[in-house]
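Peer 1: Data: my_file-v8.txt, compact mmCIF, C-alpha atoms and all ligand atoms.
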```txt
# COMPACT_ATOMS: atom_id res chain seq x y z
CA MET A 28 0.17 -57.61 -5.91
CA PRO A 29 -3.54 -57.56 -6.89
CA ASP A 30 -4.38 -57.19 -10.58
CA THR A 31 -6.03 -53.86 -10.05
CA GLN A 32 -4.81 -51.42 -7.45
CA THR A 33 -6.03 -48.40 -5.56
CA ALA A 34 -3.60 -45.61 -4.76
CA ALA A 35 -3.47 -43.96 -1.33
CA LYS A 36 -4.65 -40.37 -1.31
CA ARG A 37 -1.74 -37.94 -1.13
CA LYS A 38 -1.35 -35.06 1.23
CA LEU A 39 -1.01 -31.96 -0.93
CA SER A 40 0.18 -28.46 -0.24
CA ARG A 41 -2.49 -25.80 0.35
CA GLN A 42 -1.69 -24.32 -3.06
CA GLN A 43 -2.10 -27.67 -4.79
CA TYR A 44 -5.47 -28.23 -3.13
CA LEU A 45 -6.61 -24.80 -4.25
CA ASP A 46 -5.23 -25.27 -7.77
CA LEU A 47 -7.35 -28.38 -8.19
CA TYR A 48 -10.41 -26.42 -7.06
CA TYR A 49 -9.63 -23.48 -9.34
CA PHE A 50 -9.21 -25.68 -12.42
CA MET A 51 -12.39 -27.66 -11.78
CA ARG A 52 -14.38 -24.44 -11.38
CA LEU A 53 -12.69 -22.96 -14.46
CA ASN A 54 -13.47 -26.14 -16.44
CA ARG A 55 -17.14 -25.90 -15.51
CA GLU A 56 -17.41 -22.17 -16.18
CA VAL A 57 -15.69 -22.45 -19.58
CA GLU A 58 -18.19 -25.12 -20.59
CA ASP A 59 -21.18 -23.20 -19.18
CA THR A 60 -20.06 -20.15 -21.17
CA MET A 61 -19.85 -22.26 -24.31
CA THR A 62 -23.32 -23.73 -23.69
CA ARG A 63 -24.68 -20.17 -23.62
CA LEU A 64 -22.76 -19.32 -26.81
CA PHE A 65 -24.12 -22.50 -28.44
CA ARG A 66 -27.68 -21.48 -27.60
CA GLN A 67 -26.99 -18.10 -29.20
CA ASN A 68 -25.91 -19.99 -32.33
CA LYS A 69 -22.32 -18.78 -31.98
CA ILE A 70 -20.66 -22.19 -31.68
CA VAL A 71 -20.41 -23.68 -35.13
CA GLY A 72 -19.49 -27.31 -34.44
CA GLY A 73 -20.36 -30.03 -31.94
CA LEU A 74 -20.25 -29.17 -28.27
CA TYR A 75 -19.64 -31.91 -25.73
CA SER A 76 -20.03 -31.56 -22.01
CA SER A 77 -17.85 -32.91 -19.23
CA LEU A 78 -20.33 -31.83 -16.54
CA GLY A 79 -19.69 -34.10 -13.56
CA GLN A 80 -16.40 -35.39 -14.99
CA GLU A 81 -14.21 -32.37 -14.22
CA ALA A 82 -12.25 -34.20 -11.52
CA VAL A 83 -11.05 -36.79 -14.04
CA SER A 84 -9.58 -34.29 -16.50
CA VAL A 85 -8.18 -31.92 -13.89
CA GLY A 86 -6.85 -34.50 -11.44
CA SER A 87 -5.09 -36.56 -14.10
CA ALA A 88 -3.57 -33.69 -16.09
CA TYR A 89 -2.34 -32.08 -12.84
CA ALA A 90 -0.07 -35.12 -12.39
CA LEU A 91 1.89 -34.25 -15.54
CA GLU A 92 5.03 -32.14 -15.64
CA LYS A 93 5.45 -29.27 -18.06
CA LYS A 94 7.69 -31.32 -20.36
CA ASP A 95 5.19 -34.22 -20.52
CA TRP A 96 2.82 -34.79 -23.43
CA MET A 97 -0.89 -35.33 -23.64
CA ALA A 98 -3.74 -35.62 -26.10
CA PRO A 99 -7.22 -34.79 -24.85
CA MET A 100 -10.54 -36.29 -25.96
CA ILE A 101 -13.85 -34.45 -26.26
CA ARG A 102 -14.53 -34.33 -22.51
CA ASN A 103 -11.06 -33.17 -21.43
CA ILE A 104 -11.24 -29.38 -21.61
CA GLY A 105 -10.16 -29.42 -17.96
CA ALA A 106 -6.91 -31.13 -18.98
CA LEU A 107 -6.27 -28.44 -21.61
CA LEU A 108 -6.73 -25.71 -19.00
CA VAL A 109 -4.38 -27.41 -16.53
CA LYS A 110 -1.71 -27.79 -19.23
CA GLY A 111 -1.92 -24.05 -19.89
CA VAL A 112 -4.28 -23.51 -22.83
CA PRO A 113 -5.93 -20.09 -22.41
CA PRO A 114 -9.76 -20.15 -22.44
CA ARG A 115 -9.77 -17.84 -25.46
CA ASP A 116 -8.24 -20.62 -27.58
CA ILE A 117 -11.09 -22.93 -26.58
CA PHE A 118 -13.76 -20.28 -27.29
CA THR A 119 -12.32 -19.09 -30.62
CA GLN A 120 -11.77 -22.67 -31.72
CA HIS A 121 -15.40 -23.66 -31.11
CA MET A 122 -16.58 -20.45 -32.77
CA ALA A 123 -14.33 -21.07 -35.82
CA LYS A 124 -12.71 -17.64 -35.50
CA TYR A 125 -9.59 -16.59 -37.39
CA THR A 126 -7.81 -16.01 -34.08
CA SER A 127 -8.22 -19.66 -33.06
CA PRO A 128 -5.36 -22.17 -33.00
CA THR A 129 -6.61 -23.61 -36.31
CA LYS A 130 -7.40 -20.11 -37.68
CA GLY A 131 -11.08 -21.01 -37.98
CA LYS A 132 -10.69 -24.21 -39.95
CA ASP A 133 -12.25 -26.39 -37.26
CA GLY A 134 -15.37 -25.67 -35.26
CA THR A 135 -14.75 -28.01 -32.39
CA SER A 136 -11.91 -29.39 -30.31
CA HIS A 137 -9.34 -30.54 -32.88
CA PHE A 138 -6.33 -28.46 -31.96
CA GLY A 139 -3.08 -28.98 -30.13
CA ASP A 140 0.24 -27.27 -29.44
CA LEU A 141 3.30 -29.32 -30.29
CA GLU A 142 5.80 -26.51 -29.79
CA ASN A 143 5.11 -25.18 -26.31
CA LEU A 144 2.52 -27.07 -24.33
CA HIS A 145 3.14 -30.53 -25.79
CA ILE A 146 -0.46 -31.24 -26.69
CA VAL A 147 -1.29 -33.53 -29.60
CA SER A 148 -4.56 -32.57 -31.26
CA PRO A 149 -7.41 -35.00 -30.56
CA ILE A 150 -8.38 -37.37 -33.32
CA SER A 151 -12.10 -38.00 -33.88
CA MET A 152 -11.64 -41.74 -34.29
CA LEU A 153 -11.86 -43.41 -30.93
CA GLY A 154 -8.74 -45.08 -29.57
CA ASP A 155 -6.37 -43.81 -32.25
CA LEU A 156 -4.58 -41.56 -29.83
CA ILE A 157 -3.30 -44.59 -27.93
CA PRO A 158 -0.72 -45.68 -30.52
CA VAL A 159 0.08 -42.03 -31.28
CA LEU A 160 0.86 -41.24 -27.63
CA THR A 161 2.75 -44.52 -27.34
CA GLY A 162 4.91 -43.24 -30.18
CA VAL A 163 5.40 -39.94 -28.37
CA ALA A 164 6.61 -41.80 -25.27
CA MET A 165 8.96 -43.94 -27.36
CA ALA A 166 10.39 -40.86 -29.08
CA GLY A 167 10.92 -39.23 -25.68
CA ARG A 168 12.83 -42.26 -24.46
CA TYR A 169 14.92 -42.29 -27.62
CA LEU A 170 15.84 -38.65 -27.05
CA GLY A 171 16.57 -39.23 -23.36
CA GLN A 172 13.88 -36.76 -22.26
CA LYS A 173 12.32 -38.76 -19.40
CA ILE A 174 8.85 -37.70 -20.45
CA VAL A 175 5.51 -39.39 -19.85
CA SER A 176 2.60 -39.27 -22.29
CA MET A 177 -1.07 -39.44 -21.37
CA THR A 178 -4.37 -39.73 -23.16
CA TRP A 179 -7.98 -40.48 -22.29
CA ILE A 180 -10.48 -42.98 -23.68
CA GLY A 181 -14.16 -43.60 -22.98
CA ASP A 182 -15.86 -46.83 -21.97
CA GLY A 183 -17.20 -47.11 -25.53
CA GLY A 184 -13.83 -46.29 -27.06
CA SER A 185 -12.24 -49.08 -25.06
CA SER A 186 -14.01 -51.59 -27.31
CA THR A 187 -12.37 -50.43 -30.54
CA GLY A 188 -9.69 -52.51 -32.21
CA VAL A 189 -7.14 -49.73 -32.01
CA PHE A 190 -7.55 -49.50 -28.23
CA HIS A 191 -6.35 -53.11 -27.98
CA GLU A 192 -3.70 -52.82 -30.68
CA GLY A 193 -2.43 -49.60 -29.17
CA LEU A 194 -2.31 -50.90 -25.63
CA ASN A 195 -0.49 -54.02 -26.75
CA LEU A 196 2.02 -51.86 -28.61
CA ALA A 197 2.54 -49.68 -25.54
CA ALA A 198 2.95 -52.74 -23.32
CA SER A 199 5.38 -54.54 -25.58
CA GLN A 200 7.43 -51.35 -25.99
CA LYS A 201 7.29 -50.58 -22.27
CA ALA A 202 6.31 -47.05 -23.23
CA ALA A 203 6.10 -44.41 -20.50
CA PHE A 204 2.42 -43.97 -21.20
CA VAL A 205 -0.60 -43.51 -18.93
CA LEU A 206 -4.10 -44.20 -20.24
CA ILE A 207 -7.09 -42.82 -18.38
CA LEU A 208 -10.19 -44.86 -19.15
CA GLU A 209 -13.09 -42.58 -18.35
CA ASN A 210 -15.96 -44.92 -17.56
CA ASN A 211 -18.89 -42.51 -17.54
CA GLN A 212 -21.39 -45.38 -17.88
CA TRP A 213 -22.61 -44.41 -21.37
CA ALA A 214 -21.34 -44.40 -24.94
CA TYR A 215 -23.93 -42.33 -26.78
CA SER A 216 -27.11 -44.19 -25.72
CA THR A 217 -25.41 -47.54 -24.96
CA PRO A 218 -24.89 -48.36 -21.28
CA VAL A 219 -21.64 -50.08 -20.35
CA ARG A 220 -23.36 -53.27 -19.20
CA ARG A 221 -24.84 -53.80 -22.68
CA GLN A 222 -21.51 -53.19 -24.31
CA VAL A 223 -19.03 -55.24 -22.29
CA PRO A 224 -19.59 -58.40 -20.27
CA ILE A 225 -17.15 -57.39 -17.52
CA GLU A 226 -17.63 -55.36 -14.36
CA ASN A 227 -14.37 -53.41 -14.38
CA LEU A 228 -12.89 -52.09 -17.59
CA ALA A 229 -9.54 -51.91 -15.79
CA ASP A 230 -9.43 -55.68 -16.24
CA ARG A 231 -8.64 -55.10 -19.89
CA ALA A 232 -5.09 -54.24 -18.84
CA LYS A 233 -4.52 -57.86 -17.76
CA ALA A 234 -4.59 -59.00 -21.38
CA TYR A 235 -1.50 -56.89 -22.02
CA GLY A 236 0.35 -57.68 -18.80
CA ILE A 237 0.26 -54.10 -17.56
CA PRO A 238 -0.81 -52.72 -14.17
CA SER A 239 -4.14 -51.00 -13.70
CA TYR A 240 -5.93 -48.92 -11.10
CA ILE A 241 -9.57 -48.27 -10.35
CA VAL A 242 -10.37 -44.86 -8.95
CA GLU A 243 -13.44 -42.91 -7.84
CA GLY A 244 -13.37 -40.42 -10.69
CA ASN A 245 -15.48 -37.80 -8.90
CA ASP A 246 -12.93 -37.46 -6.11
CA VAL A 247 -10.29 -35.08 -7.46
CA VAL A 248 -7.68 -35.85 -4.79
CA ALA A 249 -8.03 -39.61 -5.38
CA MET A 250 -7.84 -38.98 -9.12
CA TYR A 251 -4.70 -36.87 -8.82
CA SER A 252 -3.03 -39.26 -6.36
CA THR A 253 -3.65 -42.25 -8.64
CA ALA A 254 -2.53 -40.44 -11.77
CA ARG A 255 0.57 -39.16 -9.99
CA GLU A 256 1.52 -42.65 -8.85
CA ALA A 257 1.02 -43.96 -12.40
CA VAL A 258 2.99 -41.10 -13.96
CA ASP A 259 5.87 -41.62 -11.52
CA ARG A 260 5.94 -45.36 -12.22
CA ALA A 261 5.83 -44.86 -15.98
CA ARG A 262 8.60 -42.26 -15.77
CA SER A 263 10.80 -44.62 -13.80
CA GLY A 264 10.63 -47.17 -16.64
CA GLU A 265 7.89 -49.53 -15.45
CA GLY A 266 5.97 -49.23 -18.72
CA PRO A 267 2.37 -48.23 -19.43
CA ILE A 268 -0.44 -48.10 -16.88
CA LEU A 269 -4.22 -48.05 -17.26
CA ILE A 270 -6.46 -46.15 -14.84
CA GLU A 271 -10.20 -46.73 -14.88
CA ALA A 272 -12.02 -43.71 -13.46
CA LYS A 273 -15.60 -44.46 -12.44
CA THR A 274 -17.74 -41.44 -13.22
CA PHE A 275 -20.94 -40.38 -14.95
CA ARG A 276 -21.81 -38.35 -18.05
CA ARG A 277 -24.41 -35.91 -16.71
CA ARG A 278 -25.44 -34.48 -20.07
CA GLY A 279 -26.22 -36.18 -23.39
CA HIS A 280 -23.54 -37.19 -25.85
CA ALA A 281 -23.53 -33.64 -27.26
CA GLN A 282 -25.85 -30.64 -27.18
CA HIS A 283 -28.36 -32.29 -29.52
CA ASP A 284 -28.96 -35.23 -27.15
CA PRO A 285 -31.32 -34.79 -24.18
CA ALA A 286 -30.25 -38.26 -22.88
CA GLU A 287 -33.78 -39.26 -21.95
CA TYR A 288 -32.65 -42.88 -22.06
CA VAL A 289 -30.71 -42.47 -18.78
CA PRO A 290 -32.69 -43.98 -15.85
CA SER A 291 -33.59 -41.28 -13.32
CA ALA A 292 -32.33 -43.36 -10.36
CA GLN A 293 -28.88 -43.51 -11.93
CA ARG A 294 -28.87 -39.80 -12.62
CA GLU A 295 -29.94 -39.00 -9.06
CA TYR A 296 -27.23 -41.25 -7.61
CA TRP A 297 -24.50 -39.44 -9.50
CA GLU A 298 -25.91 -35.94 -9.11
CA LYS A 299 -25.41 -36.35 -5.38
CA ARG A 300 -21.75 -37.01 -6.15
CA ASP A 301 -20.97 -33.82 -8.00
CA PRO A 302 -17.14 -33.57 -7.96
CA ILE A 303 -17.04 -29.85 -7.25
CA ALA A 304 -19.61 -30.01 -4.43
CA LEU A 305 -17.79 -32.98 -2.88
CA TYR A 306 -14.48 -31.18 -3.05
CA GLU A 307 -15.88 -27.95 -1.61
CA LYS A 308 -17.12 -29.94 1.37
CA PHE A 309 -13.65 -31.43 1.84
CA LEU A 310 -11.89 -28.06 1.50
CA THR A 311 -14.27 -26.44 3.97
CA GLU A 312 -13.88 -29.23 6.51
CA GLU A 313 -10.11 -29.06 6.20
CA LYS A 314 -10.28 -25.26 6.59
CA LEU A 315 -8.63 -24.73 3.23
CA LEU A 316 -11.49 -22.69 1.80
CA ASP A 317 -13.96 -20.26 3.35
CA ALA A 318 -16.65 -18.05 1.84
CA ARG A 319 -14.13 -15.27 1.16
CA GLY A 320 -11.63 -17.56 -0.55
CA LYS A 321 -14.41 -19.04 -2.66
CA LYS A 322 -15.62 -15.59 -3.73
CA GLU A 323 -12.06 -14.58 -4.71
CA ILE A 324 -11.74 -17.63 -6.95
CA GLU A 325 -15.18 -17.05 -8.48
CA ASP A 326 -14.35 -13.39 -9.20
CA LYS A 327 -11.00 -14.32 -10.72
CA ILE A 328 -12.68 -16.82 -13.05
CA SER A 329 -15.52 -14.55 -14.09
CA THR A 330 -13.17 -11.61 -14.81
CA LEU A 331 -10.91 -13.87 -16.88
CA LEU A 332 -13.74 -15.51 -18.81
CA GLU A 333 -15.49 -12.27 -19.59
CA LYS A 334 -12.31 -10.95 -21.15
CA GLU A 335 -11.69 -14.19 -23.05
CA ARG A 336 -15.27 -14.48 -24.31
CA GLU A 337 -15.26 -10.87 -25.47
CA PHE A 338 -12.03 -11.44 -27.33
CA ALA A 339 -13.57 -14.48 -29.04
CA GLU A 340 -16.86 -12.76 -29.88
CA ASN A 341 -15.04 -9.73 -31.31
CA SER A 342 -12.65 -11.83 -33.37
CA PRO A 343 -13.25 -12.05 -37.12
CA PHE A 344 -14.10 -15.16 -39.08
CA PRO A 345 -11.38 -16.20 -41.53
CA PRO A 346 -11.45 -14.45 -44.92
CA PRO A 347 -13.18 -16.66 -47.55
CA GLU A 348 -9.97 -17.10 -49.59
CA PHE A 349 -8.31 -18.65 -46.56
CA ALA A 350 -10.39 -21.80 -47.18
CA ALA A 351 -8.12 -22.59 -50.13
CA GLN A 352 -4.89 -21.92 -48.25
CA GLY A 353 -2.96 -24.46 -46.24
CA VAL A 354 -4.81 -27.37 -47.81
CA TYR A 355 -1.95 -28.68 -49.93
CA CYS A 356 1.72 -28.48 -49.10
CA THR A 357 3.36 -25.59 -50.86
CA GLY A 358 6.80 -26.08 -49.41
CA ASP A 359 8.23 -24.23 -46.44
CA ASP A 360 5.05 -22.48 -45.23
CA CYS A 361 3.23 -25.58 -44.12
CA HIS A 362 6.15 -27.50 -42.72
CA LYS A 363 6.69 -25.52 -39.55
CA ILE A 364 7.49 -28.60 -37.52
CA ARG A 365 10.99 -29.90 -37.94
CA PRO A 366 12.64 -32.77 -36.17
CA ARG A 367 14.85 -31.50 -33.39
CA TRP A 368 17.85 -33.69 -33.84
CA GLU A 369 19.80 -33.90 -30.65
CA ARG A 370 22.60 -35.86 -32.31
CA PRO A 371 24.13 -35.36 -35.80
CA ILE A 372 21.59 -36.70 -38.28
CA ALA A 373 24.11 -39.06 -39.91
CA GLU A 374 24.71 -40.68 -36.58
CA VAL A 375 21.10 -41.62 -36.02
CA MET A 376 20.11 -42.56 -39.57
CA PRO A 377 20.94 -45.96 -41.00
CA PRO A 378 22.87 -47.24 -42.85
CA LYS A 379 25.74 -44.97 -41.76
CA SER A 380 24.73 -45.13 -38.17
CA SER A 381 27.66 -45.21 -35.81
CA VAL A 382 25.30 -46.29 -33.07
CA GLU A 383 24.60 -49.98 -32.86
CA PRO A 384 20.90 -50.51 -33.50
CA VAL A 385 20.39 -52.27 -30.20
CA TRP A 386 17.46 -51.97 -27.84
CA THR A 387 18.49 -51.54 -24.27
CA VAL A 388 15.04 -51.78 -22.71
CA GLU A 389 15.21 -54.43 -20.06
CA GLY A 390 13.15 -57.47 -20.98
CA PHE A 391 11.96 -56.00 -24.28
CA GLY A 392 10.36 -58.56 -26.57
CA HIS A 393 10.49 -61.44 -24.12
CA GLY A 394 8.27 -63.08 -21.59
CA LYS A 395 9.28 -62.49 -17.98
CA SER A 396 10.60 -66.03 -17.63
CA SER A 397 13.03 -65.76 -20.53
CA SER A 398 16.67 -66.48 -19.72
CA ARG A 399 17.60 -63.74 -22.20
CA GLU A 400 15.64 -61.19 -20.22
CA ASN A 401 18.49 -58.83 -19.52
CA ALA A 402 20.46 -59.38 -22.70
CA PRO A 403 20.51 -56.46 -25.17
CA ILE A 404 18.26 -57.29 -28.09
CA HIS A 405 19.15 -56.47 -31.65
CA PHE A 406 16.88 -54.21 -33.65
CA GLY A 407 14.27 -56.39 -35.30
CA ASP A 408 15.34 -59.11 -32.89
CA THR A 409 16.57 -61.46 -35.60
CA GLN A 410 19.20 -59.41 -37.37
CA PRO A 411 22.87 -59.19 -36.53
CA ALA A 412 23.73 -55.86 -34.90
CA LYS A 413 25.72 -54.39 -37.81
CA GLU A 414 23.15 -55.08 -40.52
CA PRO A 415 20.98 -52.13 -41.56
CA PRO A 416 17.38 -52.38 -40.39
CA VAL A 417 14.63 -53.12 -42.88
CA ASN A 418 13.70 -49.47 -43.37
CA ALA A 419 17.20 -48.62 -44.62
CA ALA A 420 15.66 -48.05 -48.06
CA ILE A 421 14.50 -44.65 -46.79
CA SER A 422 17.57 -42.89 -45.49
CA PRO A 423 19.67 -39.82 -46.28
CA ALA A 424 21.71 -41.96 -48.67
CA ASN A 425 18.59 -43.25 -50.34
CA PRO A 426 15.83 -40.65 -49.92
CA PRO A 427 12.19 -41.14 -51.00
CA ALA A 428 11.60 -40.52 -54.73
CA LYS A 429 10.26 -36.94 -54.32
CA PRO A 430 11.43 -35.27 -51.14
CA PRO A 431 9.41 -32.15 -50.26
CA ALA A 432 11.19 -28.94 -51.31
CA ARG A 433 12.87 -27.32 -48.31
CA LYS A 434 15.19 -24.36 -48.07
CA SER A 435 16.98 -25.54 -44.98
CA ALA A 436 18.46 -28.99 -44.67
CA PRO A 437 17.05 -31.14 -41.84
CA ALA A 438 20.45 -31.10 -40.12
CA LYS A 439 20.09 -27.36 -39.50
CA SER A 440 16.75 -27.79 -37.87
CA ALA A 441 18.14 -27.97 -34.34
CA ALA A 442 18.60 -24.20 -34.53
CA HIS A 443 15.06 -23.85 -35.81
CA GLY A 444 13.84 -25.91 -32.88
CA LYS A 445 15.43 -23.55 -30.39
CA ALA A 446 13.52 -20.57 -31.72
CA ARG A 447 10.56 -21.27 -29.48
CA ARG A 448 7.59 -19.01 -29.29
C1 LIG B 1 -13.96 -45.35 -34.51
C2 LIG B 1 -15.13 -44.49 -34.16
N1 LIG B 1 -16.37 -45.04 -34.09
C3 LIG B 1 -17.43 -44.26 -33.79
C4 LIG B 1 -17.28 -42.92 -33.57
C5 LIG B 1 -18.49 -42.02 -33.23
N2 LIG B 1 -18.50 -41.74 -31.81
C6 LIG B 1 -17.92 -40.61 -31.31
S1 LIG B 1 -18.00 -40.54 -29.65
C7 LIG B 1 -18.82 -42.03 -29.58
C8 LIG B 1 -19.22 -42.60 -28.25
C9 LIG B 1 -18.04 -42.67 -27.35
O1 LIG B 1 -18.40 -43.18 -26.10
P1 LIG B 1 -17.31 -43.28 -25.00
O2 LIG B 1 -16.06 -43.86 -25.57
O3 LIG B 1 -17.92 -43.99 -23.86
O4 LIG B 1 -16.96 -41.77 -24.65
P2 LIG B 1 -17.91 -40.65 -24.01
O5 LIG B 1 -18.67 -40.01 -25.12
O6 LIG B 1 -18.80 -41.33 -23.03
O7 LIG B 1 -16.98 -39.69 -23.36
C10 LIG B 1 -19.02 -42.54 -30.83
C11 LIG B 1 -19.70 -43.84 -31.12
C12 LIG B 1 -15.97 -42.38 -33.66
N3 LIG B 1 -15.75 -41.09 -33.45
N4 LIG B 1 -14.93 -43.19 -33.96
MG MG B 2 -18.66 -43.20 -22.11
```
Can you turn what I pasted into C-alpha cells?
Ligand SMILES: Cc1ncc(C[n+]2csc(CCOP(=O)(O)OP(=O)(O)O)c2C)c(N)n1
Ligand SMILES: [Mg+2]
Peer 2:
Amino acid sequence: MPDTQTAAKRKLSRQQYLDLYYFMRLNREVEDTMTRLFRQNKIVGGLYSSLGQEAVSVGSAYALEKKDWMAPMIRNIGALLVKGVPPRDIFTQHMAKYTSPTKGKDGTSHFGDLENLHIVSPISMLGDLIPVLTGVAMAGRYLGQKIVSMTWIGDGGSSTGVFHEGLNLAASQKAAFVLILENNQWAYSTPVRRQVPIENLADRAKAYGIPSYIVEGNDVVAMYSTAREAVDRARSGEGPILIEAKTFRRRGHAQHDPAEYVPSAQREYWEKRDPIALYEKFLTEEKLLDARGKKEIEDKISTLLEKEREFAENSPFPPPEFAAQGVYCTGDDCHKIRPRWERPIAEVMPPKSSVEPVWTVEGFGHGKSSSRENAPIHFGDTQPAKEPPVNAAISPANPPAKPPARKSAPAKSAAHGKARR
C-alpha cells in the first residue's frame, strides 16, 4: 500500500449531493452576512474567512455520524452548520450577545456543545485540539460507544510541538481519530514552502506509522469520500488517519489583513477553482440541479439567515454584572457537566476495581513485529494486573484534599446525564 492514498469518489444519493451543496452555500452566506456585520462594527472579535475552503469543512463533517465528536478551528463554520449548530448561535457568538452559547463572554468562535451536538469548543492555541480529541476517542472506546472524533489543523499549525505530540499519542493509543490538515498554502503571511521543507504535509503521518490521504480540498465529493473512508476505517479500529486537503485561503488571515503578500498568479489559479462553482457545474451536468432548484435553495438560505440575523441583532448584550458571574466555581451552578457513568463508579475506579486493568487493544504499545502483539497488555505495561495503577492516590477511597462541594454524588449522575436538552 502506498504511504499516502487517494480515495475513490463515492456515488451519493440525490439528497446527499444536494445536502453538500446546501451546506456549502449556507457556509458562504453565513460568512458573507458576518462580513457585512463586521463592517457595520457589530462583530466585536476577530472574524476569519473560509472563502474558498467550504468544501473542506462541509465534506469532512458530513462524513460524521450524529454520535461522533468534533472540534472546529477558525475556518470550520461549515462543519458547525453540518453538525447542526443554528446560524443564530454563530451570529450571536460573534456579536457577543447574551443569547449566544457563551452568553456574550466571547466575541469569536470559542463555543461548543458537549451535551447534544458533541462539539468541543475550539482552543486558540494551534494543535492543542489534537490530544483533546484523541482523549475523546479514547473515552468513547472505553465506554463502548463506537464513536469517531475529528478535528482540523492548518499547514502552519502542523508545525507546532503539540501537533506532533498529539498525533503520536493518537497513533500509540490507536484512537478512532481523524485529523484534517487544511493546507491552504498560507499561515498568516508565511507560505508553506518557506515553513516546511516537504512537498506534502500528509507525509508527516509516516513519522507516527499512521495512514494518510491527499485530497483535492476544493472538490466536495472527493473531500466527503475521503473523509468517509477515513471515518469508517477509524471506527472499525484501525486507529487514527491524517487527511491533507489541498486548498487555498482566499482572504487574509482575518478581516484586518488584505493579504497583499499573496502572488496574483496563485490567487488567479485558485479563484478558478472555487469549490461552489465547481460543484454547481458538476450538479448541472449530472442533472441534479437546475435553475429552479438553485433558486429554491437560495431562497431557503436567505429566509433562514434573515430571521437568524434579526434575532442576533435584536438580542441584548449581557448585563454588566454578568461579567463577574461564572468566573470562579461557586459549586453546583458551574458544574453542569457530570460524568455519565455507564457502570457502577466503584467498579471502574481503582483500587476497588473489579475489572482487571488490562488493555485489550490489539498490538497496543508494541511494534508490529513483536511476538507479544496479540497478548493483553497490563495497564502501565510493567505492573502485574492486580496492582493498582499509579494514579490510585486519587480515587473515591482517597479523594483529592478539597473536593468541590456538590449536592449530588457522582454515582447519581447517570440520571442527570439522561436529562438531555
Ligand atoms: C501556539 C500558537 N501559536 C501562534 C498562534 C497565532 N496564530 C493563530 S492562527 C495562526 C496561523 C495559522 O496558520 P495555519 O495553521 O496555516 O491556519 P490558517 O490560518 O491558514 O487556517 C497563528 C500564527 C496561536 N494561536 N497559537
Ligand atoms: Mg494555512
Peer 1: Each residue of chain A with at least one atom at most 12 Å from ligand MG 2 (chain B) should appear once, together with its nearest atom pair and the corresponding distance in Å (one decimal); atoms considered: all atoms listed in the file; ordering: chain, then increasing residue number; output as a Markdown table.
Peer 2:
```
| residue | atom | partner | partner_atom | distance |
| --- | --- | --- | --- | --- |
| A:Tyr75 | CA | B:MG2 | MG | 11.9 |
| A:Ser76 | CA | B:MG2 | MG | 11.7 |
| A:Ser77 | CA | B:MG2 | MG | 10.7 |
| A:Gln80 | CA | B:MG2 | MG | 10.8 |
| A:Met100 | CA | B:MG2 | MG | 11.3 |
| A:Ile101 | CA | B:MG2 | MG | 10.8 |
| A:Arg102 | CA | B:MG2 | MG | 9.8 |
| A:Leu153 | CA | B:MG2 | MG | 11.1 |
| A:Trp179 | CA | B:MG2 | MG | 11.0 |
| A:Ile180 | CA | B:MG2 | MG | 8.3 |
| A:Gly181 | CA | B:MG2 | MG | 4.6 |
| A:Asp182 | CA | B:MG2 | MG | 4.6 |
| A:Gly183 | CA | B:MG2 | MG | 5.4 |
| A:Gly184 | CA | B:MG2 | MG | 7.6 |
| A:Ser185 | CA | B:MG2 | MG | 9.2 |
| A:Ser186 | CA | B:MG2 | MG | 10.9 |
| A:Leu208 | CA | B:MG2 | MG | 9.1 |
| A:Glu209 | CA | B:MG2 | MG | 6.7 |
| A:Asn210 | CA | B:MG2 | MG | 5.6 |
| A:Asn211 | CA | B:MG2 | MG | 4.6 |
| A:Gln212 | CA | B:MG2 | MG | 5.5 |
| A:Trp213 | CA | B:MG2 | MG | 4.2 |
| A:Ala214 | CA | B:MG2 | MG | 4.1 |
| A:Tyr215 | CA | B:MG2 | MG | 7.1 |
| A:Ser216 | CA | B:MG2 | MG | 9.2 |
| A:Thr217 | CA | B:MG2 | MG | 8.5 |
| A:Pro218 | CA | B:MG2 | MG | 8.1 |
| A:Val219 | CA | B:MG2 | MG | 7.7 |
| A:Arg220 | CA | B:MG2 | MG | 11.5 |
| A:Gln222 | CA | B:MG2 | MG | 10.6 |
| A:Leu228 | CA | B:MG2 | MG | 11.5 |
| A:Glu271 | CA | B:MG2 | MG | 11.7 |
| A:Ala272 | CA | B:MG2 | MG | 10.9 |
| A:Lys273 | CA | B:MG2 | MG | 10.2 |
| A:Thr274 | CA | B:MG2 | MG | 9.1 |
| A:Phe275 | CA | B:MG2 | MG | 8.0 |
| A:Arg276 | CA | B:MG2 | MG | 7.1 |
| A:Arg277 | CA | B:MG2 | MG | 10.7 |
| A:Arg278 | CA | B:MG2 | MG | 11.2 |
| A:Gly279 | CA | B:MG2 | MG | 10.4 |
| A:His280 | CA | B:MG2 | MG | 8.6 |
| A:Ala281 | CA | B:MG2 | MG | 11.9 |
```
Peer 1: Between A:Pro158, A:Pro267, A:Pro347, A:Pro149, which is the closest to ligand LIG 1 (chain B) once you count all atoms listed in the file?
Peer 2: A:Pro149
Peer 1: In Å, how far is it from CA of Leu53 in chain A to CA of Ala257 in chain A?
Peer 2: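 Those two atoms sit 25.2 Å apart.
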Peer 1: Rank nothing, just name the residue among A:Met250, A:Leu144, A:Leu107, A:Leu305 nearest to Gly86 in chain A, using all atoms listed in the file.
Peer 2: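 Closest to Gly86 in chain A of all the choices is A:Met250.
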Peer 1: Which of these residues is nearest to ligand LIG 1 (chain B), using only C-alpha atoms and all ligand atoms: A:Leu170, A:Glu81, A:Gly188, A:Lys36?
Peer 2: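 Among A:Leu170, A:Glu81, A:Gly188, A:Lys36, it is A:Gly188 that comes nearest to ligand LIG 1 (chain B).
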Peer 1: Which residues are close to Val159 in chain A, i.e. within 10 Å by only C-alpha atoms, leaving aside same-chain residues fewer than 3 positions away? Reply as a PyMOL selection string.
Peer 2: chain A and resi 98+147+150+154-156+162-165+176+178+193+197
Peer 1: Which residue is closest to Glu369 in chain A? Choose from A:Gly171, A:Pro224, A:Gly134, A:Pro285 and count all atoms listed in the file.
Peer 2: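 Between A:Gly171, A:Pro224, A:Gly134, A:Pro285, the residue approaching Glu369 in chain A most closely is A:Gly171.
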